Amino acid sequence: MRGLLPFRRWRRILLTLVPLVLALLHVSGKWPLPLLDRLDHIFYDARLRLSMPRTLDERIVIVDIDEKSIERIGRWPWGRDKLATLTQELFVRQRVAVLGFDVIFAERDNSSGLAALQALERGALAKAPGFAEQVAKLTPTLDHDALFARSLQGQAAVLGYYFTSDRKGHTLGSLPSAVITSAQLRGRPLASTTWNGFGANLDVLSQAAPVAGFFNTISDNDGVIRSLPLLAEYQGHYYESLALGMFRSMMGMPRVEPGFPATPSLGTHETLESVVLVEGARRMALPVDDRLSMLIPFRGPGGPDGGSYQYIAASDVIEGRLAEGALADKVVLVGTTAPGLQDVRVTPVGLVYPGVEAHANMLSALMDGNAIAIPDYARGFDVLQLLCVGLVLALGLSLLPAGMGLLLSLAVIAALVGLNLWLYRVHGLAMPLATAVALALSASVINMAHGYFFESRSKRALASRFRSYVPPELVDEMLKHPEHYSMQADNRELTVMFCDIRGFTTLSERMEPVQLQALLNTLFSRLTHVIRQQRGTIDKYMGDCVMAFWGAPVAAPDHAHLAVQAALDMVQAVHAVNTEHQAQGLPAIGVGVGLNTGPMCVGDMGSDVRRSYT
C-alpha cells in the first residue's frame, strides 16, 4: 500500500484518523467529551422542534389550577370538598373517560373544622348532652377527605404521587400496588432509576382510587427534561408513571410485563428494551431506554396559548360553567400553571413549560403509538457510522483537491443528517448524530489546515524555484502535483538549445553600452517568449547567448519537435526585430541556433552561494 500512495497522502490519512480515534474513545465511554454530549442534545432538540406537529390534540384536556381559579376558589391547597365537586362534575355531568391528578393529597384536610369538633368531643365537651350526636350527624358533610374519596370511588381516576432520593428514605402516604414485582425479573433487578422514599396519597383516597402513578421527571445533565420514566424502582418492585397508569385505565388495565432484549444482559442488572402491556392475546411494546424512560414527543409550545391541548380553568369546572357533556369521552389531567405553585420544567420547546403538559404529551404518544426510542444498539450504530465516515473522509480528502474535498465533507454531513431524520420520522428512532458530524467537520478542517500549512507552502516554494525558468502554464501544471517535481538531479532524454548573436563582438564595439543593453533586452525578450510558447525551460543567459531545454521539469514526449518548432519561430522573431531596426537605422542582427537531443543530467546545480536548475 505504501508504494501506491506517496508519503503526503499517508500523512493526510493519518491526520484524519486522529479525530476518528478520539470519537471512538468518546462513544465507548473511555474518554467522554461533554461538549459532544451537549451537541447531541442540541441536535436532538432542533430535530424535535422541526418535527413537532403543532396541532391540537382534542382527546386530552388539561383542567388548570391557574391564577384565575386561585383567585376565585381561594389559595391552594383547596378544601377536598371543592375537589370532590370538581371530580363529580367531570365524571357525572361531563362524562370524561379518564381523570388523572398531577397533584398529591398526602395530608388530611382540616379546613372544615371537623378535627376541632372531634377534639372537643373527646375533651372539654365529652359529657355535653347531644354534642357527640351532633358531631356524628355533621361528620359526613364535614369530612372532606371522605367526600373526595366517595367522588373517586368506582371511577376511572388515577392519582399522582412522587418518589424521592434526597429525604433519607422518608415516606408519606400509601403506595399503590407495584406493576412488576421482583419475582418477575429472573432474580435480578432492572437497570433503572432507583428511589428510596416517596410522598403518596392518604390511605382513604388510595383505597377509593387504587390506580396511581408517579409524576417524577428526570432531567438530562444539562437540566433539560427530554424524557419521562415509565417505571421506577422502589425496594425491588416497579411502579408505573402517571401517564402509563392513565393509559392502562383507558385500555381496561392490561397487565405490565418486562420486555427483555434477545441478548441477555452481561451486567449485574437486567436491561429492558420495552415495557409490554398484555391483555389476552394482544401485546403492546413500549420502547424504553436504560432509565426505563421514553422520550417525550412534544406536540408544540406549552401552556394555554401553546395550541397543543385545551386548557380549562378549574374554577369553571367547579362552578359548573361548562355545558353538560362538553368533555364527554375526553381524557382529563388536573394540574397547575400558576407560577406560585412552581410546577414548571425546562424542556427543549420552552424554558418555562407546564409539568402537567409533559405528562399530556407522553399520554398522547402512548395513545398514538408513536413513541420515540433510543434503542439498545444505538452505541453500536454510532460506532459503525463513525468508522464509515472516518474511512471515507480519510481516503477521499487525501485524494481530492481542496474544493472537491469540501464538497465531499458536506455530502457526508448531509447524508448523516438525512439518515438521522429518516430514522427519526419513519421509525421513531432517536439515533446519535453529533459525534459523526463533529468527526466530518474536524476531518475537513484538519485537511484544509494541512493543505494550507504544508501543501500551500510546498507549492509556493516550487513556484518560486521554477517561476523564472519555466513558462507560467507549466508552473500551474506542476502545482497540481507538486510531489512529482523536485530539484534533485535526474538522468533524462532531453533536447537542449543554444542561440547566440553572430558578430556580437563587432556589434558591441560599434554601439554605446546603453544601446547594446536595450538591444539585448529586446532580443532576449522576443526569443524567451518564443521558447515559452513551445513549453521550453530557460536555463540561462550567457552574454549574447540564451540556453534552453525541453523535457524537464515537466516531461514532454515530443520535446525534440517542440525545440525544432521553437528554433523556426525564433528565426521569424529575429527577422521581425531586424525589420524594426532597419526602420530605426540600426544594424541587422544574425543568430545561430544549435539543437541536440540525447541523455542529459538535469537538476539543481551550483555552489552553496548560488545554485540554478540546469
# chains A, B, ... in the order shown; residues from 1 in each chain; ligands from 1
>>> closest_atom_pairs(of="stretch 355-406 of chain A", to="stretch 247-258 of chain A", cutoff="10 Å", atoms="only C-alpha atoms", output="JSON lines")
{"residue": "A:Met362", "atom": "CA", "partner": "A:Phe247", "partner_atom": "CA", "distance": 9.7}
{"residue": "A:Leu363", "atom": "CA", "partner": "A:Phe247", "partner_atom": "CA", "distance": 6.6}
{"residue": "A:Ser364", "atom": "CA", "partner": "A:Phe247", "partner_atom": "CA", "distance": 9.1}
{"residue": "A:Leu366", "atom": "CA", "partner": "A:Phe247", "partner_atom": "CA", "distance": 7.1}
{"residue": "A:Met367", "atom": "CA", "partner": "A:Phe247", "partner_atom": "CA", "distance": 7.2}
>>> write_last_selection(atoms="C-alpha atoms", output="CSV table (one decimal), in the first residue's frame")
chain,number,residue,atom,x,y,z
A,362,MET,CA,-46.5,11.3,26.9
A,363,LEU,CA,-50.1,10.2,27.2
A,364,SER,CA,-50.8,11.4,23.7
A,366,LEU,CA,-48.9,6.3,24.1
A,367,MET,CA,-52.4,6.7,22.6
>>> residues_around(residues="stretch 168-180 of chain A", least_positions_apart="5", cutoff="7 Å", atoms="only C-alpha atoms", output="VMD selection string")
chain A and resid 106 196 to 203 206 210 to 212 237 to 240 256 to 257
>>> write_last_selection(atoms="N, CA and C atoms", output="PDB file, in the first residue's frame")
ATOM      1  N   ALA A 106     -51.470  14.280  50.298  1.00  0.00           N
ATOM      2  CA  ALA A 106     -50.751  13.470  51.283  1.00  0.00           C
ATOM      3  C   ALA A 106     -51.165  13.766  52.719  1.00  0.00           C
ATOM      4  N   ASN A 196     -35.506   5.905  47.145  1.00  0.00           N
ATOM      5  CA  ASN A 196     -35.541   5.329  48.499  1.00  0.00           C
ATOM      6  C   ASN A 196     -36.639   5.909  49.379  1.00  0.00           C
ATOM      7  N   GLY A 197     -37.478   6.779  48.832  1.00  0.00           N
ATOM      8  CA  GLY A 197     -38.586   7.339  49.591  1.00  0.00           C
ATOM      9  C   GLY A 197     -39.693   7.766  48.659  1.00  0.00           C
ATOM     10  N   PHE A 198     -40.816   8.174  49.255  1.00  0.00           N
ATOM     11  CA  PHE A 198     -41.938   8.604  48.427  1.00  0.00           C
ATOM     12  C   PHE A 198     -42.863   9.504  49.220  1.00  0.00           C
ATOM     13  N   GLY A 199     -43.660  10.244  48.489  1.00  0.00           N
ATOM     14  CA  GLY A 199     -44.755  11.011  49.059  1.00  0.00           C
ATOM     15  C   GLY A 199     -46.014  10.644  48.295  1.00  0.00           C
ATOM     16  N   ALA A 200     -46.934   9.944  48.949  1.00  0.00           N
ATOM     17  CA  ALA A 200     -48.132   9.422  48.277  1.00  0.00           C
ATOM     18  C   ALA A 200     -49.387   9.952  48.959  1.00  0.00           C
ATOM     19  N   ASN A 201     -50.531   9.449  48.547  1.00  0.00           N
ATOM     20  CA  ASN A 201     -51.821   9.972  48.984  1.00  0.00           C
ATOM     21  C   ASN A 201     -52.314   9.297  50.256  1.00  0.00           C
ATOM     22  N   LEU A 202     -53.297   9.939  50.873  1.00  0.00           N
ATOM     23  CA  LEU A 202     -53.926   9.382  52.075  1.00  0.00           C
ATOM     24  C   LEU A 202     -54.481   7.992  51.802  1.00  0.00           C
ATOM     25  N   ASP A 203     -54.482   7.169  52.821  1.00  0.00           N
ATOM     26  CA  ASP A 203     -54.998   5.806  52.675  1.00  0.00           C
ATOM     27  C   ASP A 203     -56.435   5.801  52.165  1.00  0.00           C
ATOM     28  N   SER A 206     -56.313   6.450  48.494  1.00  0.00           N
ATOM     29  CA  SER A 206     -55.692   5.359  47.757  1.00  0.00           C
ATOM     30  C   SER A 206     -56.623   4.149  47.670  1.00  0.00           C
ATOM     31  N   PRO A 210     -57.555   3.009  43.523  1.00  0.00           N
ATOM     32  CA  PRO A 210     -56.362   2.173  43.695  1.00  0.00           C
ATOM     33  C   PRO A 210     -55.300   2.350  42.615  1.00  0.00           C
ATOM     34  N   VAL A 211     -55.650   2.947  41.476  1.00  0.00           N
ATOM     35  CA  VAL A 211     -54.667   3.166  40.418  1.00  0.00           C
ATOM     36  C   VAL A 211     -54.003   4.529  40.638  1.00  0.00           C
ATOM     37  N   ALA A 212     -52.709   4.530  40.709  1.00  0.00           N
ATOM     38  CA  ALA A 212     -51.965   5.782  40.900  1.00  0.00           C
ATOM     39  C   ALA A 212     -50.649   5.676  40.140  1.00  0.00           C
ATOM     40  N   HIS A 237     -39.371  -3.450  43.754  1.00  0.00           N
ATOM     41  CA  HIS A 237     -40.601  -3.513  42.964  1.00  0.00           C
ATOM     42  C   HIS A 237     -40.658  -2.294  42.033  1.00  0.00           C
ATOM     43  N   TYR A 238     -41.490  -2.408  41.011  1.00  0.00           N
ATOM     44  CA  TYR A 238     -41.522  -1.385  39.967  1.00  0.00           C
ATOM     45  C   TYR A 238     -42.934  -0.821  39.828  1.00  0.00           C
ATOM     46  N   TYR A 239     -42.990   0.510  39.830  1.00  0.00           N
ATOM     47  CA  TYR A 239     -44.262   1.233  39.853  1.00  0.00           C
ATOM     48  C   TYR A 239     -44.389   2.054  38.574  1.00  0.00           C
ATOM     49  N   GLU A 240     -45.631   2.261  38.154  1.00  0.00           N
ATOM     50  CA  GLU A 240     -45.884   2.916  36.875  1.00  0.00           C
ATOM     51  C   GLU A 240     -46.017   4.431  37.035  1.00  0.00           C
ATOM     52  N   VAL A 256     -48.733  -5.495  33.119  1.00  0.00           N
ATOM     53  CA  VAL A 256     -47.441  -4.987  32.660  1.00  0.00           C
ATOM     54  C   VAL A 256     -46.409  -6.099  32.790  1.00  0.00           C
ATOM     55  N   GLU A 257     -45.646  -6.320  31.711  1.00  0.00           N
ATOM     56  CA  GLU A 257     -44.580  -7.320  31.722  1.00  0.00           C
ATOM     57  C   GLU A 257     -43.286  -6.685  31.232  1.00  0.00           C
TER      58      GLU A 257
END
>>> atom_distance(atom1="atom CA of A:Ala436", atom2="atom CA of A:Ile13")
17.2 Å
>>> residues_around(residues="A:Arg93", least_positions_apart="5", cutoff="12 Å", atoms="only C-alpha atoms", output="compact mmCIF listing (two decimals) with all heavy atoms, in the first residue's frame")
# COMPACT_ATOMS: atom_id res chain seq x y z
N THR A 85 -66.28 18.21 44.39
CA THR A 85 -67.20 18.84 43.43
C THR A 85 -66.62 18.78 42.01
O THR A 85 -67.32 18.46 41.04
CB THR A 85 -67.45 20.30 43.83
OG1 THR A 85 -68.02 20.34 45.15
CG2 THR A 85 -68.40 20.97 42.86
N LEU A 86 -65.33 19.07 41.89
CA LEU A 86 -64.68 19.04 40.58
C LEU A 86 -64.72 17.62 40.00
O LEU A 86 -65.07 17.42 38.82
CB LEU A 86 -63.22 19.50 40.73
CG LEU A 86 -62.37 19.54 39.45
CD1 LEU A 86 -61.44 20.75 39.48
CD2 LEU A 86 -61.54 18.27 39.30
N THR A 87 -64.41 16.61 40.84
CA THR A 87 -64.39 15.23 40.36
C THR A 87 -65.79 14.78 39.95
O THR A 87 -65.98 14.14 38.90
CB THR A 87 -63.84 14.31 41.45
OG1 THR A 87 -62.52 14.75 41.82
CG2 THR A 87 -63.78 12.87 40.98
N GLN A 88 -66.78 15.09 40.77
CA GLN A 88 -68.15 14.67 40.44
C GLN A 88 -68.65 15.36 39.18
O GLN A 88 -69.31 14.76 38.33
CB GLN A 88 -69.07 14.99 41.62
CG GLN A 88 -70.48 14.42 41.46
CD GLN A 88 -71.30 14.57 42.72
OE1 GLN A 88 -70.90 15.27 43.65
NE2 GLN A 88 -72.46 13.92 42.77
N VAL A 317 -64.87 24.58 36.04
CA VAL A 317 -65.43 23.24 36.24
C VAL A 317 -66.16 23.17 37.57
O VAL A 317 -67.30 22.69 37.66
CB VAL A 317 -64.31 22.18 36.17
CG1 VAL A 317 -64.88 20.78 36.44
CG2 VAL A 317 -63.61 22.21 34.82
N ILE A 318 -65.52 23.66 38.63
CA ILE A 318 -66.13 23.59 39.96
C ILE A 318 -67.44 24.38 40.00
O ILE A 318 -68.42 23.95 40.62
CB ILE A 318 -65.13 24.12 41.01
CG1 ILE A 318 -63.94 23.16 41.12
CG2 ILE A 318 -65.81 24.29 42.37
CD1 ILE A 318 -62.82 23.66 42.00
N GLY A 320 -69.43 24.86 37.57
CA GLY A 320 -70.40 24.35 36.60
C GLY A 320 -70.62 25.24 35.40
O GLY A 320 -71.73 25.28 34.86
N ARG A 321 -69.59 25.93 34.96
CA ARG A 321 -69.75 26.86 33.84
C ARG A 321 -69.70 26.18 32.48
O ARG A 321 -70.03 26.79 31.47
CB ARG A 321 -68.65 27.93 33.90
CG ARG A 321 -68.72 28.82 35.14
CD ARG A 321 -67.55 29.79 35.20
NE ARG A 321 -67.61 30.64 36.37
CZ ARG A 321 -68.24 31.80 36.42
NH1 ARG A 321 -68.90 32.25 35.36
NH2 ARG A 321 -68.26 32.51 37.54
N LEU A 322 -69.30 24.90 32.44
CA LEU A 322 -69.23 24.20 31.16
C LEU A 322 -70.58 23.59 30.82
O LEU A 322 -71.34 23.15 31.70
CB LEU A 322 -68.18 23.09 31.21
CG LEU A 322 -66.74 23.50 31.56
CD1 LEU A 322 -65.83 22.27 31.51
CD2 LEU A 322 -66.24 24.56 30.61
N ALA A 323 -70.90 23.54 29.54
CA ALA A 323 -72.13 22.88 29.10
C ALA A 323 -72.03 21.38 29.40
O ALA A 323 -70.95 20.79 29.33
CB ALA A 323 -72.35 23.10 27.60
N GLU A 324 -73.15 20.78 29.73
CA GLU A 324 -73.15 19.36 30.06
C GLU A 324 -72.63 18.54 28.87
O GLU A 324 -73.00 18.75 27.72
CB GLU A 324 -74.57 18.89 30.40
CG GLU A 324 -74.62 17.43 30.82
CD GLU A 324 -76.02 17.00 31.26
OE1 GLU A 324 -76.90 17.88 31.35
OE2 GLU A 324 -76.21 15.81 31.50
N GLY A 325 -71.70 17.60 29.17
CA GLY A 325 -71.16 16.74 28.13
C GLY A 325 -70.11 17.40 27.26
O GLY A 325 -69.66 16.79 26.27
N ALA A 326 -69.67 18.61 27.60
CA ALA A 326 -68.67 19.28 26.78
C ALA A 326 -67.34 18.52 26.77
O ALA A 326 -66.57 18.63 25.81
CB ALA A 326 -68.44 20.70 27.29
N LEU A 327 -67.10 17.74 27.81
CA LEU A 327 -65.85 16.97 27.88
C LEU A 327 -66.11 15.48 27.79
O LEU A 327 -65.26 14.66 28.21
CB LEU A 327 -65.12 17.29 29.19
CG LEU A 327 -64.79 18.76 29.46
CD1 LEU A 327 -64.05 18.91 30.79
CD2 LEU A 327 -63.97 19.34 28.33
N ALA A 328 -67.20 15.09 27.21
CA ALA A 328 -67.56 13.67 27.13
C ALA A 328 -66.47 12.87 26.41
O ALA A 328 -65.98 13.29 25.35
CB ALA A 328 -68.89 13.51 26.41
N ASP A 329 -66.08 11.75 27.03
CA ASP A 329 -65.09 10.81 26.47
C ASP A 329 -63.69 11.40 26.36
O ASP A 329 -62.83 10.82 25.70
CB ASP A 329 -65.54 10.28 25.10
CG ASP A 329 -66.89 9.56 25.18
OD1 ASP A 329 -67.11 8.85 26.18
OD2 ASP A 329 -67.70 9.71 24.25
>>> closest_atom_pairs(of="stretch 321-387 of chain A", to="stretch 226-230 of chain A", cutoff="10 Å", atoms="only C-alpha atoms", output="CSV")
residue,atom,partner,partner_atom,distance
A:Val346,CA,A:Arg226,CA,9.0
A:Thr347,CA,A:Arg226,CA,6.3
A:Pro348,CA,A:Arg226,CA,6.9
A:Val349,CA,A:Arg226,CA,9.6
A:Ala358,CA,A:Leu228,CA,8.3
A:His359,CA,A:Leu228,CA,8.0
A:Met362,CA,A:Leu228,CA,7.7
A:Ile372,CA,A:Ser227,CA,9.7
>>> write_last_selection(atoms="C-alpha atoms", output="PDB file, in the first residue's frame")
ATOM      1  CA  VAL A 346     -37.170  23.322  31.316  1.00  0.00           C
ATOM      2  CA  THR A 347     -37.808  21.408  28.083  1.00  0.00           C
ATOM      3  CA  PRO A 348     -36.487  21.519  24.501  1.00  0.00           C
ATOM      4  CA  VAL A 349     -39.553  23.542  23.490  1.00  0.00           C
ATOM      5  CA  ALA A 358     -45.266  16.995  29.756  1.00  0.00           C
ATOM      6  CA  HIS A 359     -47.449  14.125  31.041  1.00  0.00           C
ATOM      7  CA  MET A 362     -46.468  11.327  26.925  1.00  0.00           C
ATOM      8  CA  ILE A 372     -39.568   7.795  20.163  1.00  0.00           C
TER       9      ILE A 372
END
>>> residues_around(residues="A:Ala563", least_positions_apart="5", cutoff="10 Å", atoms="only C-alpha atoms", output="ChimeraX atom specification")
/A:494-497,531,534-536,548-551,558,568-569,595-597
>>> atom_distance(atom1="atom CA of A:Leu527", atom2="atom CA of A:Phe498")
11.4 Å
>>> select_by_dssp(residues="stretch 324-542 of chain A", states="helix (DSSP H, G or I)", output="PDB file with C-alpha atoms, in the first residue's frame")
ATOM      1  CA  PRO A 339     -46.388  30.452  38.885  1.00  0.00           C
ATOM      2  CA  GLY A 340     -46.599  30.300  42.650  1.00  0.00           C
ATOM      3  CA  LEU A 341     -47.136  26.519  42.632  1.00  0.00           C
ATOM      4  CA  GLY A 355     -45.187  19.969  34.103  1.00  0.00           C
ATOM      5  CA  VAL A 356     -48.735  18.689  33.580  1.00  0.00           C
ATOM      6  CA  GLU A 357     -48.376  19.176  29.814  1.00  0.00           C
ATOM      7  CA  ALA A 358     -45.266  16.995  29.756  1.00  0.00           C
ATOM      8  CA  HIS A 359     -47.449  14.125  31.041  1.00  0.00           C
ATOM      9  CA  ALA A 360     -50.126  15.051  28.487  1.00  0.00           C
ATOM     10  CA  ASN A 361     -47.558  14.734  25.703  1.00  0.00           C
ATOM     11  CA  MET A 362     -46.468  11.327  26.925  1.00  0.00           C
ATOM     12  CA  LEU A 363     -50.080  10.169  27.208  1.00  0.00           C
ATOM     13  CA  SER A 364     -50.762  11.428  23.687  1.00  0.00           C
ATOM     14  CA  ALA A 365     -47.752   9.492  22.373  1.00  0.00           C
ATOM     15  CA  LEU A 366     -48.921   6.304  24.083  1.00  0.00           C
ATOM     16  CA  MET A 367     -52.389   6.728  22.596  1.00  0.00           C
ATOM     17  CA  ASP A 368     -50.958   7.258  19.107  1.00  0.00           C
ATOM     18  CA  ALA A 378     -27.594   2.998  19.410  1.00  0.00           C
ATOM     19  CA  ARG A 379     -23.972   2.916  20.570  1.00  0.00           C
ATOM     20  CA  GLY A 380     -23.094   0.198  18.075  1.00  0.00           C
ATOM     21  CA  PHE A 381     -24.805   2.209  15.340  1.00  0.00           C
ATOM     22  CA  ASP A 382     -22.750   5.247  16.317  1.00  0.00           C
ATOM     23  CA  VAL A 383     -19.505   3.262  16.164  1.00  0.00           C
ATOM     24  CA  LEU A 384     -20.428   1.925  12.713  1.00  0.00           C
ATOM     25  CA  GLN A 385     -21.266   5.354  11.295  1.00  0.00           C
ATOM     26  CA  LEU A 386     -18.071   6.804  12.780  1.00  0.00           C
ATOM     27  CA  LEU A 387     -15.977   4.113  11.091  1.00  0.00           C
ATOM     28  CA  CYS A 388     -17.714   4.688   7.753  1.00  0.00           C
ATOM     29  CA  VAL A 389     -17.348   8.470   7.963  1.00  0.00           C
ATOM     30  CA  GLY A 390     -13.744   8.314   9.151  1.00  0.00           C
ATOM     31  CA  LEU A 391     -12.569   5.898   6.456  1.00  0.00           C
ATOM     32  CA  VAL A 392     -14.438   7.624   3.623  1.00  0.00           C
ATOM     33  CA  LEU A 393     -13.022  11.015   4.559  1.00  0.00           C
ATOM     34  CA  ALA A 394      -9.532   9.716   5.315  1.00  0.00           C
ATOM     35  CA  LEU A 395      -9.243   8.300   1.801  1.00  0.00           C
ATOM     36  CA  GLY A 396     -11.384  10.850  -0.043  1.00  0.00           C
ATOM     37  CA  LEU A 397      -9.861  14.000   1.428  1.00  0.00           C
ATOM     38  CA  SER A 398      -6.331  12.717   0.849  1.00  0.00           C
ATOM     39  CA  LEU A 399      -7.015  12.163  -2.854  1.00  0.00           C
ATOM     40  CA  ALA A 402      -9.459  21.265  -1.526  1.00  0.00           C
ATOM     41  CA  GLY A 403     -12.671  22.278  -3.300  1.00  0.00           C
ATOM     42  CA  MET A 404     -13.780  18.721  -4.024  1.00  0.00           C
ATOM     43  CA  GLY A 405     -12.770  17.653  -0.524  1.00  0.00           C
ATOM     44  CA  LEU A 406     -15.030  20.313   0.974  1.00  0.00           C
ATOM     45  CA  LEU A 407     -17.893  19.114  -1.207  1.00  0.00           C
ATOM     46  CA  LEU A 408     -17.244  15.535  -0.063  1.00  0.00           C
ATOM     47  CA  SER A 409     -17.381  16.608   3.608  1.00  0.00           C
ATOM     48  CA  LEU A 410     -20.625  18.496   3.040  1.00  0.00           C
ATOM     49  CA  ALA A 411     -22.094  15.490   1.211  1.00  0.00           C
ATOM     50  CA  VAL A 412     -21.140  13.182   4.102  1.00  0.00           C
ATOM     51  CA  ILE A 413     -22.724  15.540   6.650  1.00  0.00           C
ATOM     52  CA  ALA A 414     -25.879  15.833   4.515  1.00  0.00           C
ATOM     53  CA  ALA A 415     -26.069  12.027   4.299  1.00  0.00           C
ATOM     54  CA  LEU A 416     -25.681  11.706   8.085  1.00  0.00           C
ATOM     55  CA  VAL A 417     -28.401  14.277   8.771  1.00  0.00           C
ATOM     56  CA  GLY A 418     -30.714  12.762   6.151  1.00  0.00           C
ATOM     57  CA  LEU A 419     -30.334   9.241   7.548  1.00  0.00           C
ATOM     58  CA  ASN A 420     -30.843  10.517  11.089  1.00  0.00           C
ATOM     59  CA  LEU A 421     -34.035  12.387  10.170  1.00  0.00           C
ATOM     60  CA  TRP A 422     -35.361   9.392   8.214  1.00  0.00           C
ATOM     61  CA  LEU A 423     -34.825   7.040  11.168  1.00  0.00           C
ATOM     62  CA  TYR A 424     -36.493   9.579  13.467  1.00  0.00           C
ATOM     63  CA  ARG A 425     -39.528  10.376  11.337  1.00  0.00           C
ATOM     64  CA  VAL A 426     -40.210   6.956   9.818  1.00  0.00           C
ATOM     65  CA  HIS A 427     -39.062   4.522  12.506  1.00  0.00           C
ATOM     66  CA  ALA A 434     -23.283  14.911  16.943  1.00  0.00           C
ATOM     67  CA  THR A 435     -20.103  12.828  17.156  1.00  0.00           C
ATOM     68  CA  ALA A 436     -20.280  11.795  13.497  1.00  0.00           C
ATOM     69  CA  VAL A 437     -20.933  15.373  12.347  1.00  0.00           C
ATOM     70  CA  ALA A 438     -18.120  16.652  14.561  1.00  0.00           C
ATOM     71  CA  LEU A 439     -15.831  14.000  13.049  1.00  0.00           C
ATOM     72  CA  ALA A 440     -16.717  15.088   9.499  1.00  0.00           C
ATOM     73  CA  LEU A 441     -16.168  18.760  10.321  1.00  0.00           C
ATOM     74  CA  SER A 442     -12.898  18.197  12.164  1.00  0.00           C
ATOM     75  CA  ALA A 443     -11.566  15.948   9.379  1.00  0.00           C
ATOM     76  CA  SER A 444     -12.389  18.649   6.832  1.00  0.00           C
ATOM     77  CA  VAL A 445     -10.757  21.385   8.939  1.00  0.00           C
ATOM     78  CA  ILE A 446      -7.645  19.271   9.527  1.00  0.00           C
ATOM     79  CA  ASN A 447      -7.248  18.596   5.824  1.00  0.00           C
ATOM     80  CA  MET A 448      -7.799  22.246   4.945  1.00  0.00           C
ATOM     81  CA  ALA A 449      -5.214  23.248   7.528  1.00  0.00           C
ATOM     82  CA  HIS A 450      -2.837  20.614   6.204  1.00  0.00           C
ATOM     83  CA  GLY A 451      -3.350  21.927   2.685  1.00  0.00           C
ATOM     84  CA  TYR A 452      -2.675  25.461   3.805  1.00  0.00           C
ATOM     85  CA  PHE A 453       0.335  24.864   6.053  1.00  0.00           C
ATOM     86  CA  PHE A 454       2.020  22.014   4.194  1.00  0.00           C
ATOM     87  CA  GLU A 455       0.860  21.805   0.606  1.00  0.00           C
ATOM     88  CA  SER A 456       0.487  25.542   0.041  1.00  0.00           C
ATOM     89  CA  ARG A 457       3.949  26.073   1.456  1.00  0.00           C
ATOM     90  CA  SER A 458       5.450  23.410  -0.794  1.00  0.00           C
ATOM     91  CA  LYS A 459       3.577  24.807  -3.803  1.00  0.00           C
ATOM     92  CA  ARG A 460       4.820  28.326  -3.078  1.00  0.00           C
ATOM     93  CA  ALA A 461       8.360  27.009  -2.753  1.00  0.00           C
ATOM     94  CA  LEU A 462       8.011  25.079  -6.001  1.00  0.00           C
ATOM     95  CA  ALA A 463       6.624  28.097  -7.808  1.00  0.00           C
ATOM     96  CA  SER A 464       9.397  30.369  -6.507  1.00  0.00           C
ATOM     97  CA  ARG A 465      12.049  27.900  -7.646  1.00  0.00           C
ATOM     98  CA  PHE A 466      10.743  27.366 -11.175  1.00  0.00           C
ATOM     99  CA  PRO A 472       3.661  30.038 -16.228  1.00  0.00           C
ATOM    100  CA  GLU A 473       1.318  27.451 -17.700  1.00  0.00           C
ATOM    101  CA  LEU A 474       3.847  24.717 -16.916  1.00  0.00           C
ATOM    102  CA  VAL A 475       4.255  26.011 -13.374  1.00  0.00           C
ATOM    103  CA  ASP A 476       0.480  25.818 -12.945  1.00  0.00           C
ATOM    104  CA  GLU A 477       0.572  22.263 -14.227  1.00  0.00           C
ATOM    105  CA  MET A 478       3.362  21.395 -11.784  1.00  0.00           C
ATOM    106  CA  LEU A 479       1.414  22.858  -8.844  1.00  0.00           C
ATOM    107  CA  LYS A 480      -1.377  20.331  -9.380  1.00  0.00           C
ATOM    108  CA  PRO A 482       3.948  19.196  -6.582  1.00  0.00           C
ATOM    109  CA  GLU A 483       5.129  15.903  -5.144  1.00  0.00           C
ATOM    110  CA  HIS A 484       6.227  14.832  -8.668  1.00  0.00           C
ATOM    111  CA  PHE A 504      28.328  40.204 -31.456  1.00  0.00           C
ATOM    112  CA  THR A 505      31.880  41.387 -30.698  1.00  0.00           C
ATOM    113  CA  THR A 506      31.967  43.676 -33.728  1.00  0.00           C
ATOM    114  CA  LEU A 507      28.464  44.872 -32.957  1.00  0.00           C
ATOM    115  CA  SER A 508      29.301  45.673 -29.336  1.00  0.00           C
ATOM    116  CA  GLU A 509      32.350  47.704 -30.398  1.00  0.00           C
ATOM    117  CA  ARG A 510      30.174  49.921 -32.612  1.00  0.00           C
ATOM    118  CA  PRO A 513      26.608  50.352 -23.732  1.00  0.00           C
ATOM    119  CA  VAL A 514      23.064  51.626 -23.158  1.00  0.00           C
ATOM    120  CA  GLN A 515      22.136  50.907 -26.775  1.00  0.00           C
ATOM    121  CA  LEU A 516      23.675  47.446 -26.527  1.00  0.00           C
ATOM    122  CA  GLN A 517      21.727  46.745 -23.333  1.00  0.00           C
ATOM    123  CA  ALA A 518      18.446  47.778 -24.937  1.00  0.00           C
ATOM    124  CA  LEU A 519      19.223  45.626 -27.971  1.00  0.00           C
ATOM    125  CA  LEU A 520      19.947  42.522 -25.901  1.00  0.00           C
ATOM    126  CA  ASN A 521      16.899  43.050 -23.698  1.00  0.00           C
ATOM    127  CA  THR A 522      14.631  43.403 -26.724  1.00  0.00           C
ATOM    128  CA  LEU A 523      16.101  40.375 -28.493  1.00  0.00           C
ATOM    129  CA  PHE A 524      16.160  38.101 -25.447  1.00  0.00           C
ATOM    130  CA  SER A 525      12.576  39.080 -24.566  1.00  0.00           C
ATOM    131  CA  ARG A 526      11.389  38.051 -28.040  1.00  0.00           C
ATOM    132  CA  LEU A 527      13.370  34.803 -28.003  1.00  0.00           C
ATOM    133  CA  THR A 528      12.279  33.936 -24.456  1.00  0.00           C
ATOM    134  CA  HIS A 529       8.645  34.456 -25.409  1.00  0.00           C
ATOM    135  CA  VAL A 530       9.061  32.043 -28.322  1.00  0.00           C
ATOM    136  CA  ILE A 531      10.752  29.419 -26.100  1.00  0.00           C
ATOM    137  CA  ARG A 532       7.995  29.608 -23.506  1.00  0.00           C
ATOM    138  CA  GLN A 533       5.310  29.362 -26.171  1.00  0.00           C
TER     139      GLN A 533
END
>>> closest_residue(among="A:Ser241, A:Ser315, A:Gln155, A:Gln235", to="A:Trp78", atoms="only C-alpha atoms")
A:Ser315
>>> atom_distance(atom1="atom CA of A:Leu33", atom2="atom CA of A:Ile225")
21.0 Å
>>> closest_residue(among="A:Leu22, A:Leu205, A:Leu190, A:Val61", to="A:Gly236", atoms="only C-alpha atoms")
A:Leu190
